[in-house]
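Trainee: My structure file protein-v1.pdb, PDB, C-alpha atoms, is below:
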```pdb
ATOM      1  CA  MET O  10      33.719  10.934-106.899
ATOM      2  CA  THR O  11      32.514  13.465-109.425
ATOM      3  CA  ARG O  12      31.095  16.746-108.073
ATOM      4  CA  LEU O  13      28.757  19.202-109.791
ATOM      5  CA  GLN O  14      28.870  22.884-108.903
ATOM      6  CA  ILE O  15      27.378  26.048-110.302
ATOM      7  CA  LEU O  16      29.417  29.183-110.964
ATOM      8  CA  GLU O  17      27.266  32.264-111.391
ATOM      9  CA  LEU O  18      28.306  34.828-114.024
ATOM     10  CA  PRO O  19      27.632  38.577-114.077
ATOM     11  CA  MET O  20      24.177  39.428-115.424
ATOM     12  CA  GLY O  21      23.856  41.201-118.734
ATOM     13  CA  ALA O  22      21.268  43.764-119.721
ATOM     14  CA  ASP O  23      19.155  41.157-121.545
ATOM     15  CA  ASP O  24      19.424  38.427-118.883
ATOM     16  CA  GLU O  25      16.217  37.526-117.041
ATOM     17  CA  ARG O  26      18.158  35.525-114.445
ATOM     18  CA  PRO O  27      21.822  35.274-113.476
ATOM     19  CA  PRO O  28      23.754  33.257-116.085
ATOM     20  CA  PHE O  29      25.928  30.385-114.881
ATOM     21  CA  VAL O  30      28.242  27.617-116.027
ATOM     22  CA  LEU O  31      28.269  24.027-114.821
ATOM     23  CA  VAL O  32      31.529  23.121-113.078
ATOM     24  CA  VAL O  33      32.475  19.440-112.858
ATOM     25  CA  ASP O  34      35.524  18.475-110.818
ATOM     26  CA  GLU O  35      37.114  15.273-109.611
ATOM     27  CA  TYR O  36      36.068  13.790-112.958
ATOM     28  CA  THR O  37      37.583  10.555-114.259
ATOM     29  CA  VAL O  38      37.954  10.392-118.028
ATOM     30  CA  GLN O  39      36.245   7.350-119.525
ATOM     31  CA  ARG O  40      37.137   5.546-122.788
ATOM     32  CA  VAL O  41      34.171   5.103-125.100
ATOM     33  CA  MET O  42      33.659   3.684-128.584
ATOM     34  CA  THR O  43      33.602   6.409-131.227
ATOM     35  CA  GLY O  44      33.117   4.131-134.251
ATOM     36  CA  ALA O  45      33.524   0.609-135.606
ATOM     37  CA  GLY O  46      36.805  -0.750-134.320
ATOM     38  CA  GLN O  47      37.784   2.649-132.910
ATOM     39  CA  SER O  48      37.842   3.961-129.370
ATOM     40  CA  GLY O  49      38.633   7.320-127.854
ATOM     41  CA  LEU O  50      38.334   9.445-124.749
ATOM     42  CA  SER O  51      35.030  11.181-124.231
ATOM     43  CA  PHE O  52      33.535  13.087-121.356
ATOM     44  CA  VAL O  53      31.829  15.945-123.108
ATOM     45  CA  ALA O  54      28.606  14.449-124.467
ATOM     46  CA  PRO O  55      26.682  13.482-121.302
ATOM     47  CA  ILE O  56      27.822  16.514-119.270
ATOM     48  CA  ASP O  57      27.142  18.964-122.105
ATOM     49  CA  THR O  58      23.703  17.486-122.525
ATOM     50  CA  ALA O  59      22.974  17.964-118.796
ATOM     51  CA  ALA O  60      24.295  21.536-118.920
ATOM     52  CA  ARG O  61      22.024  22.427-121.831
ATOM     53  CA  GLU O  62      19.046  20.862-120.038
ATOM     54  CA  ILE O  63      19.485  23.050-116.959
ATOM     55  CA  GLY O  64      20.194  26.221-118.949
ATOM     56  CA  ALA O  65      23.936  26.588-118.293
ATOM     57  CA  ARG O  66      25.998  28.828-120.580
ATOM     58  CA  GLY O  67      28.762  26.273-120.707
ATOM     59  CA  THR O  68      30.630  23.453-118.950
ATOM     60  CA  LEU O  69      33.965  23.409-117.126
ATOM     61  CA  VAL O  70      35.372  19.954-116.399
ATOM     62  CA  PHE O  71      38.371  19.292-114.148
ATOM     63  CA  ALA O  72      40.054  16.109-113.013
ATOM     64  CA  GLU O  73      41.274  17.774-109.827
ATOM     65  CA  THR O  74      39.252  19.326-107.038
ATOM     66  CA  VAL O  75      38.191  22.876-107.718
ATOM     67  CA  GLU O  76      36.729  25.045-104.961
ATOM     68  CA  ILE O  77      34.504  27.920-106.007
ATOM     69  CA  PRO O  78      34.803  30.710-103.403
ATOM     70  CA  ALA O  79      31.198  31.817-103.921
ATOM     71  CA  ASN O  80      30.037  28.321-102.996
ATOM     72  CA  ASP O  81      32.285  27.985 -99.969
ATOM     73  CA  VAL O  82      30.426  28.043 -96.689
ATOM     74  CA  SER O  83      32.946  29.356 -94.193
ATOM     75  CA  ALA O  84      32.955  28.652 -90.473
ATOM     76  CA  GLU O  85      32.011  32.286 -89.828
ATOM     77  CA  PHE O  86      29.074  32.013 -92.209
ATOM     78  CA  ARG O  87      27.968  28.742 -90.625
ATOM     79  CA  GLU O  88      28.160  30.316 -87.150
ATOM     80  CA  GLY O  89      26.147  33.320 -88.295
ATOM     81  CA  LEU O  90      23.622  31.033 -89.906
ATOM     82  CA  ARG O  91      23.418  28.959 -86.728
ATOM     83  CA  GLU O  92      22.840  32.083 -84.618
ATOM     84  CA  ALA O  93      20.203  33.373 -87.033
ATOM     85  CA  LEU O  94      18.414  30.028 -86.995
ATOM     86  CA  GLY O  95      18.664  29.962 -83.193
ATOM     87  CA  GLU O  96      17.132  33.439 -82.952
ATOM     88  CA  MET O  97      14.374  32.443 -85.354
ATOM     89  CA  TYR O  98      13.693  29.316 -83.288
ATOM     90  CA  GLU O  99      13.629  31.296 -80.032
ATOM     91  CA  THR O 100      11.314  33.913 -81.554
ATOM     92  CA  ALA O 101       8.988  31.189 -82.802
ATOM     93  CA  ARG O 102       9.098  29.484 -79.390
ATOM     94  CA  ARG O 103       8.261  32.734 -77.558
ATOM     95  CA  SER O 104       5.474  33.454 -80.031
ATOM     96  CA  LEU O 105       4.064  29.973 -79.506
ATOM     97  CA  SER O 106       4.363  30.364 -75.733
ATOM     98  CA  LYS O 107       2.553  33.705 -75.896
ATOM     99  CA  SER O 108      -0.118  32.156 -78.089
ATOM    100  CA  GLU O 109      -0.564  29.300 -75.621
ATOM    101  CA  THR O 110      -0.718  31.767 -72.716
ATOM    102  CA  LEU O 111      -3.193  33.931 -74.585
ATOM    103  CA  GLY O 112      -5.268  30.881 -75.455
ATOM    104  CA  HIS O 113      -5.215  29.745 -71.829
ATOM    105  CA  THR O 114      -6.195  33.250 -70.667
ATOM    106  CA  LEU O 115      -9.033  33.431 -73.165
ATOM    107  CA  LEU O 116     -10.195  29.986 -72.107
ATOM    108  CA  GLN O 117     -10.158  31.042 -68.447
ATOM    109  CA  ARG O 118     -12.065  34.218 -69.294
ATOM    110  CA  ALA O 119     -14.623  32.194 -71.228
ATOM    111  CA  GLU O 120     -14.989  29.770 -68.330
ATOM    112  CA  ASN O 121     -15.302  32.674 -65.866
ATOM    113  CA  ALA O 122     -17.857  34.369 -68.097
ATOM    114  CA  GLU O 123     -19.786  31.109 -68.333
ATOM    115  CA  GLY O 124     -19.665  30.779 -64.531
ATOM    116  CA  ARG O 125     -20.858  34.355 -64.054
ATOM    117  CA  SER O 126     -23.605  33.795 -66.601
ATOM    118  CA  HIS O 127     -24.735  30.675 -64.736
ATOM    119  CA  ALA O 128     -24.663  32.566 -61.408
ATOM    120  CA  MET O 129     -26.684  35.399 -62.950
ATOM    121  CA  GLU O 130     -29.210  32.886 -64.253
ATOM    122  CA  VAL O 131     -29.508  31.363 -60.758
ATOM    123  CA  GLN O 132     -29.955  34.827 -59.221
ATOM    124  CA  ARG O 133     -32.519  35.700 -61.873
ATOM    125  CA  ASP O 134     -34.428  32.494 -61.184
ATOM    126  CA  ARG O 135     -34.364  33.253 -57.462
ATOM    127  CA  ALA O 136     -35.554  36.808 -58.079
ATOM    128  CA  VAL O 137     -38.358  35.501 -60.288
ATOM    129  CA  GLY O 138     -39.273  33.020 -57.547
ATOM    130  CA  ARG O 139     -39.325  35.769 -54.905
ATOM    131  CA  ALA O 140     -41.408  37.975 -57.177
ATOM    132  CA  GLU O 141     -43.860  35.136 -57.732
ATOM    133  CA  GLN O 142     -44.046  34.504 -53.975
ATOM    134  CA  ALA O 143     -44.592  38.216 -53.314
ATOM    135  CA  GLU O 144     -47.347  38.317 -55.928
ATOM    136  CA  ALA O 145     -48.973  35.237 -54.428
ATOM    137  CA  GLY O 146     -48.779  36.854 -50.959
ATOM    138  CA  ARG O 147     -50.277  40.076 -52.299
ATOM    139  CA  LEU O 148     -53.161  38.177 -53.895
ATOM    140  CA  ALA O 149     -53.765  36.258 -50.650
ATOM    141  CA  ALA O 150     -53.695  39.506 -48.656
ATOM    142  CA  ASP O 151     -56.147  41.081 -51.092
ATOM    143  CA  LYS O 152     -58.482  38.125 -50.671
ATOM    144  CA  MET O 153     -58.216  38.306 -46.889
ATOM    145  CA  LEU O 154     -58.781  42.078 -46.915
ATOM    146  CA  ARG O 155     -61.885  41.680 -49.059
ATOM    147  CA  ALA O 156     -63.199  39.020 -46.684
ATOM    148  CA  VAL O 157     -62.541  41.209 -43.614
ATOM    149  CA  CYS O 158     -64.147  44.227 -45.277
ATOM    150  CA  GLU O 159     -67.252  42.201 -46.045
ATOM    151  CA  VAL O 160     -67.501  41.212 -42.336
ATOM    152  CA  PHE O 161     -66.888  44.721 -40.969
ATOM    153  CA  GLY O 162     -69.057  46.699 -43.311
ATOM    154  CA  GLY O 163     -67.620  46.820 -46.771
ATOM    155  CA  PRO O 164     -64.461  48.084 -48.417
ATOM    156  CA  HIS O 165     -64.960  51.681 -47.170
ATOM    157  CA  GLN O 166     -64.226  50.511 -43.605
ATOM    158  CA  ASP O 167     -60.660  50.073 -42.381
ATOM    159  CA  PRO O 168     -60.632  46.574 -40.877
ATOM    160  CA  VAL O 169     -57.937  47.502 -38.329
ATOM    161  CA  VAL O 170     -59.842  50.557 -37.124
ATOM    162  CA  LYS O 171     -63.055  48.562 -37.088
ATOM    163  CA  ALA O 172     -61.412  45.815 -35.026
ATOM    164  CA  ARG O 173     -60.079  48.336 -32.536
ATOM    165  CA  GLU O 174     -63.512  49.931 -32.200
ATOM    166  CA  THR O 175     -65.096  46.506 -31.610
ATOM    167  CA  LEU O 176     -62.494  45.678 -28.959
ATOM    168  CA  ALA O 177     -63.083  49.014 -27.215
ATOM    169  CA  ARG O 178     -66.837  48.422 -27.174
ATOM    170  CA  ALA O 179     -66.287  44.959 -25.744
ATOM    171  CA  LYS O 180     -64.100  46.344 -22.963
ATOM    172  CA  ALA O 181     -66.663  49.077 -22.177
ATOM    173  CA  ALA O 182     -69.445  46.501 -22.005
ATOM    174  CA  GLU O 183     -67.328  44.330 -19.697
ATOM    175  CA  ALA O 184     -66.678  47.323 -17.393
ATOM    176  CA  LYS O 185     -70.407  48.139 -17.235
ATOM    177  CA  LEU O 186     -71.230  44.536 -16.422
ATOM    178  CA  GLN O 187     -68.613  44.496 -13.654
ATOM    179  CA  LYS O 188     -69.999  47.716 -12.165
ATOM    180  CA  PHE O 189     -73.571  46.370 -12.246
ATOM    181  CA  ALA O 190     -72.514  43.177 -10.440
ATOM    182  CA  GLU O 191     -70.746  45.168  -7.721
ATOM    183  CA  GLU O 192     -73.847  47.316  -7.130
ATOM    184  CA  GLN O 193     -76.060  44.245  -6.853
ATOM    185  CA  GLN O 194     -73.762  42.711  -4.238
ATOM    186  CA  ARG O 195     -73.728  45.898  -2.144
ATOM    187  CA  GLU O 196     -77.512  46.079  -2.168
ATOM    188  CA  GLU O 197     -77.790  42.534  -0.942
ATOM    189  CA  GLY O 198     -75.247  43.165   1.833
ATOM    190  CA  ARG O 199     -72.774  40.658   0.601
ATOM    191  CA  PRO O 200     -69.106  41.395   0.538
ATOM    192  CA  GLU O 201     -67.700  42.524  -2.736
ATOM    193  CA  PRO O 202     -65.832  39.832  -4.642
ATOM    194  CA  SER O 203     -62.103  40.311  -4.695
ATOM    195  CA  ASP O 204     -59.785  39.710  -7.585
ATOM    196  CA  GLU O 205     -58.675  36.480  -5.887
ATOM    197  CA  ASP O 206     -62.250  35.148  -6.088
ATOM    198  CA  GLY O 207     -62.121  35.547  -9.822
ATOM    199  CA  GLY O 208     -64.578  38.462 -10.146
ATOM    200  CA  LEU O 209     -67.544  37.444 -12.291
TER
END
```
Spit out the file's structure as structure tokens when you get a sec.
Mentor:
Amino acid sequence: MTRLQILELPMGADDERPPFVLVVDEYTVQRVMTGAGQSGLSFVAPIDTAAREIGARGTLVFAETVEIPANDVSAEFREGLREALGEMYETARRSLSKSETLGHTLLQRAENAEGRSHAMEVQRDRAVGRAEQAEAGRLAADKMLRAVCEVFGGPHQDPVVKARETLARAKAAEAKLQKFAEEQQREEGRPEPSDEDGGL
């Protein structure tokens, strides 16, 4: 089976890319017609045409197997290549693992932040509710205070002080009434009522 190989040549000063020749080995010579009633051996035409198409400087054709050292992939080279590919794979795997871990961490942080935000919103709503309740209580207390002040003599009077004064006057009046009843009973010669009799 015919093989095609490339043999690179040293670059010259005017070369834009490394020059090369096309090497064909394990080639079987074929007999072709060269003219009317004539035949000959030919292997140059199709290979030369291919070489010109790919930009080769020339063509080397061999019937036997020819190994080009520059194209030989040794066992040592293959092992080094395998190790390099393994390292690249492991690096890519670790990078992907780190990316997944980072993504998972960021997702957890986002979820935690969302949870904290929701908790803060709940606390804010509760605080607003307590503030509204406190304001409603203050307004109710103001209304009650105005009503009490109107009963006890206007806003310049302290309703607590006024209530205490009223209670003291009531107790004083009760004591005077008790004393008057006791004097009336003594004058009439009747025994004084005891606490067990209920007083007045």
Trainee: Run the PyMOL selection byres ((chain O and resi 10) around 7) on the file and write out the hits as a PyMOL selection string.
Mentor: chain O and resi 11-12+35
Trainee: One number please: CA of Asn80 (chain O) to CA of Val33 (chain O), in Å, one decimal.
Mentor: 13.5 Å
Trainee: Do you have the CA of Glu25 (chain O)-CA of Glu76 (chain O) distance handy?
Mentor: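 If I compute the distance from CA of Glu25 (chain O) to CA of Glu76 (chain O), I get 26.9 Å.
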Trainee: Report as a list in words all protein, DNA and RNA residues lying within 7 Å of Pro28 (chain O), evaluated on all atoms listed in the file, omitting residues in the same chain fewer than 6 positions from it.
Mentor: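 Close residues of Pro28 (chain O): Glu17, Leu18, Pro19, Met20 and Arg66 of chain O.
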Trainee: Step by step: start from the point (30.1, 20.9, -112.3) in the file's coordinates, keep every protein, DNA or RNA residue that has an atom no farther than 9 Å from it, count all atoms listed in the file, and write the set as a PyMOL selection string.
Mentor: chain O and resi 11-16+30-34+56+60+68-71
Trainee: Save out the residues we just selected, C-alpha atoms, as a short mmCIF file (atom, residue, chain, number, x, y, z; two decimals), in the frame of the given file.
Mentor:
```
data_model
loop_
_atom_site.label_atom_id
_atom_site.label_comp_id
_atom_site.auth_asym_id
_atom_site.auth_seq_id
_atom_site.Cartn_x
_atom_site.Cartn_y
_atom_site.Cartn_z
CA THR O 11 32.51 13.46 -109.42
CA ARG O 12 31.10 16.75 -108.07
CA LEU O 13 28.76 19.20 -109.79
CA GLN O 14 28.87 22.88 -108.90
CA ILE O 15 27.38 26.05 -110.30
CA LEU O 16 29.42 29.18 -110.96
CA VAL O 30 28.24 27.62 -116.03
CA LEU O 31 28.27 24.03 -114.82
CA VAL O 32 31.53 23.12 -113.08
CA VAL O 33 32.48 19.44 -112.86
CA ASP O 34 35.52 18.48 -110.82
CA ILE O 56 27.82 16.51 -119.27
CA ALA O 60 24.30 21.54 -118.92
CA THR O 68 30.63 23.45 -118.95
CA LEU O 69 33.97 23.41 -117.13
CA VAL O 70 35.37 19.95 -116.40
CA PHE O 71 38.37 19.29 -114.15
#
```
Trainee: Smallest atom-to-atom distance to Gly64 (chain O): which of O:Phe29, O:Tyr36, O:Glu88, O:Glu96, using only C-alpha atoms?
Mentor: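 Using only C-alpha atoms, Gly64 (chain O) sits closest to O:Phe29.
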